[in-house]
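Everything below belongs to model.cif, which stores mmCIF, N, CA and C atoms.
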```cif
data_data
#
loop_
_atom_site.label_atom_id
_atom_site.label_comp_id
_atom_site.auth_asym_id
_atom_site.auth_seq_id
_atom_site.Cartn_x
_atom_site.Cartn_y
_atom_site.Cartn_z
N GLU A 826 -14.31 5.69 -9.67
CA GLU A 826 -15.12 5.48 -8.49
C GLU A 826 -14.32 4.71 -7.44
N PRO A 827 -14.49 5.07 -6.17
CA PRO A 827 -13.74 4.37 -5.12
C PRO A 827 -13.94 2.85 -5.13
N HIS A 828 -15.16 2.39 -5.42
CA HIS A 828 -15.38 0.94 -5.38
C HIS A 828 -14.67 0.20 -6.52
N ASN A 829 -14.23 0.91 -7.54
CA ASN A 829 -13.48 0.30 -8.64
C ASN A 829 -11.96 0.41 -8.44
N ALA A 830 -11.55 1.17 -7.46
CA ALA A 830 -10.12 1.45 -7.28
C ALA A 830 -9.30 0.19 -7.03
N PHE A 831 -9.85 -0.77 -6.30
CA PHE A 831 -9.09 -1.99 -6.02
C PHE A 831 -8.73 -2.72 -7.31
N VAL A 832 -9.67 -2.79 -8.22
CA VAL A 832 -9.43 -3.47 -9.50
C VAL A 832 -8.43 -2.67 -10.33
N LYS A 833 -8.53 -1.35 -10.29
CA LYS A 833 -7.65 -0.49 -11.09
C LYS A 833 -6.20 -0.54 -10.61
N CYS A 834 -5.96 -1.05 -9.39
CA CYS A 834 -4.59 -1.22 -8.91
C CYS A 834 -3.81 -2.21 -9.78
N PHE A 835 -4.54 -3.00 -10.55
CA PHE A 835 -3.92 -3.99 -11.42
C PHE A 835 -4.01 -3.60 -12.90
N ALA A 836 -4.34 -2.35 -13.17
CA ALA A 836 -4.47 -1.88 -14.56
C ALA A 836 -3.15 -2.02 -15.30
N SER A 837 -3.24 -2.06 -16.62
CA SER A 837 -2.02 -2.22 -17.41
C SER A 837 -1.29 -0.89 -17.61
N HIS A 838 -1.98 0.22 -17.42
CA HIS A 838 -1.36 1.54 -17.60
C HIS A 838 -0.98 2.14 -16.25
N ARG A 839 0.24 2.61 -16.17
CA ARG A 839 0.78 3.18 -14.92
C ARG A 839 -0.10 4.31 -14.38
N GLN A 840 -0.56 5.18 -15.26
CA GLN A 840 -1.37 6.33 -14.83
C GLN A 840 -2.67 5.87 -14.15
N GLU A 841 -3.28 4.83 -14.67
CA GLU A 841 -4.51 4.29 -14.06
C GLU A 841 -4.22 3.71 -12.68
N LYS A 842 -3.09 3.02 -12.55
CA LYS A 842 -2.70 2.48 -11.25
C LYS A 842 -2.49 3.60 -10.25
N GLU A 843 -1.77 4.64 -10.68
CA GLU A 843 -1.49 5.76 -9.78
C GLU A 843 -2.78 6.40 -9.29
N LYS A 844 -3.73 6.61 -10.20
CA LYS A 844 -5.02 7.19 -9.83
C LYS A 844 -5.75 6.30 -8.83
N ALA A 845 -5.68 4.99 -9.06
CA ALA A 845 -6.37 4.04 -8.18
C ALA A 845 -5.80 4.09 -6.76
N PHE A 846 -4.48 4.06 -6.63
CA PHE A 846 -3.87 4.11 -5.30
C PHE A 846 -4.16 5.44 -4.61
N ASP A 847 -4.09 6.53 -5.36
CA ASP A 847 -4.41 7.84 -4.79
C ASP A 847 -5.86 7.89 -4.31
N LEU A 848 -6.78 7.35 -5.10
CA LEU A 848 -8.19 7.34 -4.73
C LEU A 848 -8.43 6.51 -3.47
N LEU A 849 -7.76 5.38 -3.36
CA LEU A 849 -7.90 4.54 -2.16
C LEU A 849 -7.46 5.31 -0.92
N GLU A 850 -6.37 6.05 -1.04
CA GLU A 850 -5.87 6.80 0.11
C GLU A 850 -6.76 8.00 0.41
N GLN A 851 -7.14 8.76 -0.61
CA GLN A 851 -7.94 9.98 -0.41
C GLN A 851 -9.36 9.68 0.08
N SER A 852 -9.92 8.57 -0.37
CA SER A 852 -11.31 8.23 0.00
C SER A 852 -11.40 7.65 1.41
N GLY A 853 -10.27 7.27 1.98
CA GLY A 853 -10.27 6.64 3.30
C GLY A 853 -10.50 5.14 3.25
N LEU A 854 -10.70 4.59 2.05
CA LEU A 854 -10.93 3.14 1.93
C LEU A 854 -9.73 2.33 2.41
N LEU A 855 -8.54 2.83 2.15
CA LEU A 855 -7.34 2.10 2.55
C LEU A 855 -7.28 1.94 4.06
N LYS A 856 -7.60 3.01 4.80
CA LYS A 856 -7.57 2.94 6.27
C LYS A 856 -8.62 2.01 6.83
N SER A 857 -9.72 1.82 6.08
CA SER A 857 -10.81 1.00 6.58
C SER A 857 -10.58 -0.50 6.37
N LEU A 858 -9.54 -0.85 5.65
CA LEU A 858 -9.26 -2.26 5.36
C LEU A 858 -8.64 -2.95 6.57
N PRO A 859 -8.83 -4.27 6.68
CA PRO A 859 -8.09 -5.02 7.70
C PRO A 859 -6.58 -4.90 7.42
N ASN A 860 -5.77 -5.06 8.45
CA ASN A 860 -4.33 -4.86 8.32
C ASN A 860 -3.71 -5.62 7.15
N LYS A 861 -4.00 -6.91 7.02
CA LYS A 861 -3.36 -7.70 5.98
C LYS A 861 -3.71 -7.18 4.59
N SER A 862 -4.94 -6.73 4.38
CA SER A 862 -5.33 -6.18 3.08
C SER A 862 -4.64 -4.85 2.83
N ARG A 863 -4.56 -4.02 3.87
CA ARG A 863 -3.89 -2.72 3.74
C ARG A 863 -2.41 -2.93 3.43
N TRP A 864 -1.80 -3.89 4.11
CA TRP A 864 -0.38 -4.18 3.85
C TRP A 864 -0.19 -4.66 2.42
N PHE A 865 -1.12 -5.48 1.93
CA PHE A 865 -1.01 -5.97 0.56
C PHE A 865 -1.09 -4.81 -0.43
N ILE A 866 -2.07 -3.94 -0.27
CA ILE A 866 -2.22 -2.80 -1.19
C ILE A 866 -1.00 -1.88 -1.11
N THR A 867 -0.50 -1.63 0.09
CA THR A 867 0.69 -0.78 0.25
C THR A 867 1.91 -1.44 -0.39
N GLY A 868 2.07 -2.73 -0.18
CA GLY A 868 3.19 -3.46 -0.79
C GLY A 868 3.08 -3.49 -2.30
N LEU A 869 1.86 -3.65 -2.81
CA LEU A 869 1.64 -3.67 -4.25
C LEU A 869 2.00 -2.32 -4.86
N LYS A 870 1.61 -1.24 -4.18
CA LYS A 870 1.95 0.10 -4.68
C LYS A 870 3.47 0.25 -4.77
N GLY A 871 4.15 -0.15 -3.71
CA GLY A 871 5.61 -0.06 -3.73
C GLY A 871 6.22 -0.93 -4.82
N PHE A 872 5.66 -2.10 -5.00
CA PHE A 872 6.14 -3.02 -6.03
C PHE A 872 5.98 -2.41 -7.41
N TRP A 873 4.79 -1.87 -7.70
CA TRP A 873 4.54 -1.30 -9.04
C TRP A 873 5.41 -0.09 -9.33
N PHE A 874 5.62 0.76 -8.31
CA PHE A 874 6.25 2.04 -8.58
C PHE A 874 7.72 2.14 -8.17
N THR A 875 8.27 1.07 -7.59
CA THR A 875 9.70 1.06 -7.27
C THR A 875 10.49 0.49 -8.44
N LEU A 876 9.90 -0.48 -9.09
CA LEU A 876 10.58 -1.15 -10.20
C LEU A 876 10.14 -0.54 -11.53
N GLU A 877 10.96 -0.68 -12.52
CA GLU A 877 10.67 -0.15 -13.85
C GLU A 877 10.63 -1.26 -14.90
N GLY A 878 9.75 -1.14 -15.85
CA GLY A 878 9.69 -1.98 -17.04
C GLY A 878 9.97 -3.45 -16.84
N ASP A 879 11.08 -3.92 -17.43
CA ASP A 879 11.41 -5.35 -17.41
C ASP A 879 11.77 -5.86 -16.02
N GLU A 880 12.16 -4.96 -15.12
CA GLU A 880 12.50 -5.41 -13.77
C GLU A 880 11.30 -6.11 -13.12
N ILE A 881 10.09 -5.59 -13.36
CA ILE A 881 8.90 -6.19 -12.78
C ILE A 881 8.72 -7.61 -13.30
N MET A 882 8.99 -7.81 -14.55
CA MET A 882 8.80 -9.12 -15.15
C MET A 882 9.80 -10.15 -14.63
N ASP A 883 10.94 -9.68 -14.13
CA ASP A 883 11.97 -10.59 -13.65
C ASP A 883 11.78 -11.00 -12.19
N ILE A 884 10.84 -10.40 -11.50
CA ILE A 884 10.65 -10.69 -10.08
C ILE A 884 9.33 -11.42 -9.88
N GLU A 885 9.41 -12.51 -9.13
CA GLU A 885 8.20 -13.24 -8.78
C GLU A 885 8.00 -13.10 -7.28
N MET A 886 6.83 -12.62 -6.90
CA MET A 886 6.50 -12.45 -5.49
C MET A 886 5.11 -13.03 -5.24
N THR A 887 4.95 -13.67 -4.10
CA THR A 887 3.64 -14.17 -3.71
C THR A 887 2.86 -13.03 -3.07
N ALA A 888 1.57 -13.22 -2.93
CA ALA A 888 0.73 -12.22 -2.25
C ALA A 888 1.23 -11.99 -0.83
N GLU A 889 1.67 -13.05 -0.16
CA GLU A 889 2.18 -12.92 1.21
C GLU A 889 3.45 -12.08 1.25
N GLN A 890 4.33 -12.26 0.26
CA GLN A 890 5.56 -11.47 0.22
C GLN A 890 5.25 -10.00 -0.04
N ILE A 891 4.29 -9.73 -0.89
CA ILE A 891 3.91 -8.34 -1.17
C ILE A 891 3.29 -7.72 0.08
N ALA A 892 2.43 -8.47 0.79
CA ALA A 892 1.83 -7.96 2.02
C ALA A 892 2.90 -7.70 3.07
N ASP A 893 3.89 -8.59 3.17
CA ASP A 893 4.98 -8.40 4.12
C ASP A 893 5.78 -7.14 3.78
N LEU A 894 6.00 -6.91 2.50
CA LEU A 894 6.69 -5.69 2.06
C LEU A 894 5.91 -4.45 2.48
N GLY A 895 4.60 -4.48 2.28
CA GLY A 895 3.76 -3.36 2.68
C GLY A 895 3.79 -3.14 4.18
N LYS A 896 3.77 -4.22 4.95
CA LYS A 896 3.83 -4.12 6.41
C LYS A 896 5.14 -3.48 6.85
N ARG A 897 6.25 -3.92 6.24
CA ARG A 897 7.55 -3.36 6.61
C ARG A 897 7.63 -1.88 6.28
N TRP A 898 7.10 -1.48 5.11
CA TRP A 898 7.10 -0.05 4.76
C TRP A 898 6.23 0.75 5.71
N GLY A 899 5.08 0.18 6.06
CA GLY A 899 4.18 0.85 7.00
C GLY A 899 4.83 1.02 8.36
N ASN A 900 5.48 -0.03 8.85
CA ASN A 900 6.16 0.05 10.14
C ASN A 900 7.30 1.08 10.10
N ALA A 901 8.03 1.11 9.01
CA ALA A 901 9.11 2.09 8.88
C ALA A 901 8.56 3.51 8.90
N TYR A 902 7.45 3.72 8.21
CA TYR A 902 6.83 5.05 8.18
C TYR A 902 6.33 5.44 9.56
N LEU A 903 5.59 4.53 10.21
CA LEU A 903 5.03 4.84 11.53
C LEU A 903 6.11 5.12 12.55
N SER A 904 7.20 4.38 12.49
CA SER A 904 8.27 4.59 13.47
C SER A 904 9.00 5.92 13.25
N SER A 905 8.82 6.53 12.10
CA SER A 905 9.47 7.81 11.83
C SER A 905 8.63 9.00 12.27
N LEU A 906 7.36 8.77 12.61
CA LEU A 906 6.47 9.87 12.98
C LEU A 906 6.70 10.31 14.42
N PRO A 907 6.61 11.62 14.68
CA PRO A 907 6.64 12.07 16.06
C PRO A 907 5.37 11.56 16.77
N VAL A 908 5.45 11.33 18.06
CA VAL A 908 4.33 10.77 18.83
C VAL A 908 3.07 11.61 18.65
N GLU A 909 3.20 12.93 18.67
CA GLU A 909 2.03 13.81 18.54
C GLU A 909 1.30 13.57 17.22
N GLU A 910 2.06 13.44 16.15
CA GLU A 910 1.46 13.22 14.84
C GLU A 910 0.82 11.84 14.76
N LEU A 911 1.45 10.88 15.36
CA LEU A 911 0.91 9.52 15.38
C LEU A 911 -0.41 9.49 16.14
N LEU A 912 -0.46 10.14 17.30
CA LEU A 912 -1.68 10.16 18.10
C LEU A 912 -2.82 10.89 17.41
N ASP A 913 -2.51 11.87 16.58
CA ASP A 913 -3.54 12.60 15.84
C ASP A 913 -4.32 11.69 14.90
N ASN A 914 -3.75 10.56 14.52
CA ASN A 914 -4.40 9.64 13.59
C ASN A 914 -5.26 8.59 14.27
N TYR A 915 -5.27 8.57 15.60
CA TYR A 915 -6.01 7.54 16.31
C TYR A 915 -6.92 8.15 17.37
N ASP A 916 -8.03 7.51 17.59
CA ASP A 916 -8.97 7.90 18.63
C ASP A 916 -8.34 7.57 19.98
N ARG A 917 -8.22 8.55 20.83
CA ARG A 917 -7.56 8.34 22.13
C ARG A 917 -8.29 7.30 22.98
N GLN A 918 -9.61 7.22 22.86
CA GLN A 918 -10.36 6.21 23.61
C GLN A 918 -9.98 4.80 23.18
N LYS A 919 -9.74 4.62 21.88
CA LYS A 919 -9.33 3.30 21.39
C LYS A 919 -7.94 2.95 21.89
N ILE A 920 -7.09 3.96 21.98
CA ILE A 920 -5.74 3.72 22.50
C ILE A 920 -5.82 3.31 23.97
N LEU A 921 -6.57 4.08 24.76
CA LEU A 921 -6.68 3.79 26.19
C LEU A 921 -7.35 2.43 26.44
N ALA A 922 -8.25 2.03 25.56
CA ALA A 922 -8.94 0.75 25.72
C ALA A 922 -7.98 -0.43 25.62
N GLN A 923 -6.78 -0.21 25.10
CA GLN A 923 -5.80 -1.28 24.97
C GLN A 923 -5.07 -1.56 26.28
N PHE A 924 -5.29 -0.70 27.29
CA PHE A 924 -4.58 -0.83 28.56
C PHE A 924 -5.55 -1.12 29.70
N LYS A 925 -5.08 -1.86 30.69
CA LYS A 925 -5.86 -2.10 31.90
C LYS A 925 -5.77 -0.85 32.76
N PRO A 926 -6.82 -0.55 33.53
CA PRO A 926 -6.79 0.65 34.39
C PRO A 926 -5.56 0.69 35.30
N GLN A 927 -5.14 -0.47 35.81
CA GLN A 927 -3.97 -0.51 36.70
C GLN A 927 -2.71 -0.05 35.96
N GLU A 928 -2.60 -0.42 34.68
CA GLU A 928 -1.43 -0.01 33.89
C GLU A 928 -1.41 1.49 33.69
N ILE A 929 -2.57 2.07 33.46
CA ILE A 929 -2.66 3.52 33.26
C ILE A 929 -2.34 4.25 34.54
N LEU A 930 -2.95 3.81 35.66
CA LEU A 930 -2.75 4.49 36.94
C LEU A 930 -1.32 4.35 37.45
N SER A 931 -0.66 3.25 37.09
CA SER A 931 0.71 3.06 37.58
C SER A 931 1.69 4.06 36.96
N GLN A 932 1.27 4.73 35.90
CA GLN A 932 2.13 5.72 35.25
C GLN A 932 2.12 7.08 35.94
N PHE A 933 1.21 7.23 36.93
CA PHE A 933 1.11 8.52 37.64
C PHE A 933 1.67 8.45 39.01
#
```

Could you write out this file's structure as C-alpha cells?
Amino acid sequence: EPHNAFVKCFASHRQEKEKAFDLLEQSGLLKSLPNKSRWFITGLKGFWFTLEGDEIMDIEMTAEQIADLGKRWGNAYLSSLPVEELLDNYDRQKILAQFKPQEILSQF
C-alpha cells in the first residue's frame, strides 16, 4: 500500500525496499512531498542501492547528509533534461507566477 511505502524504505530485504521506492514514485507520493523530504527519500534510495553489503555498514551518514545527496542527484538529473521535457512536468501558471509582470514583458 502506498501509505506503507515510507516504512518499507527501511525494510531489511532489498526487494522490499525496491518495491517501496517504486511505489512512492509510481503513486505520485514522492512528488507531493516537501523538497527536504523528497531529497531525503531520493538520497536514501541512492544510498541503499549504490553500495553493496558491508560497504553500507562502513559508512555513517546523518539524515541531513542523505538529504543533501538526494538534492544533488535531483539537481544533476534536472539539469540534464531538455527544457521542453522539464516544462512538461510543471504547471505553466505556477512557473509564470514566479515572475513579476514587468519581468515577463521585458522579454518581448

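Residues matching the PyMOL selection byres ((chain A and resi 834) around 8) in this structure come to A:Asn829, A:Ala830, A:Phe831, A:Val832, A:Lys833, A:Phe835, A:Ala836, A:Ser837, A:Glu841, A:Lys842, A:Glu843, A:Lys844, A:Ala845, A:Phe846, A:Leu869, A:Lys870.
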
Phe872 in chain A proximity check over A:His838, A:Leu858, A:Gly895, A:Gln851, using only C-alpha atoms: winner is A:Gly895

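Between atom C of Pro827 in chain A and CA of Ile866 in chain A the separation is 13.6 Å.
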
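Using all atoms listed in the file, the shortest contact distance between Leu894 in chain A and any of A:Trp864, A:Phe874, A:Leu921, A:Glu850 is found at A:Trp864.
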
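Going from CA of Gln890 in chain A to CA of Ser905 in chain A covers 22.8 Å.
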
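For the set A:Gly853, A:Leu912, A:Glu885, A:Ile891, the residue with the smallest atom-to-atom gap to Phe865 in chain A is A:Ile891, counting all atoms listed in the file.
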
Around all the atoms of range 887-894 of chain A listed in the file, draw an axis-aligned box and extend it by 6 Å on each of the six sides; I want its centre and edge lengths in Å to one decimal, as AutoDock Vina command-line options.
```
--center_x 3.7 --center_y -9.3 --center_z 0.0 --size_x 18.0 --size_y 21.7 --size_z 20.2
```

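CA of Leu855 in chain A is positioned 11.2 Å from atom N of His828 in chain A.
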
Return as number ranges by chain the full set of residues in chain A whose backbone-based DSSP assignment is helix (DSSP H, G or I). A: 827-833, 839-852, 854-857, 860-875, 879-883, 888-905, 908-913, 917-921, 926-930

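Shortest separation to Ala892 in chain A among A:Val908, A:Thr875, A:Ser862, A:Gln932 occurs at residue A:Ser862, atoms counted being only C-alpha atoms.
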
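Taking only C-alpha atoms into account, Tyr902 in chain A lies nearest to A:Thr867 out of the set A:Met886, A:Thr867, A:Lys919, A:Lys925.
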
Residue with the minimum atom-to-atom distance to Gly868 in chain A, picked from A:Gln840, A:Leu911, A:Lys856, A:Arg897 with all atoms listed in the file counted, is A:Arg897
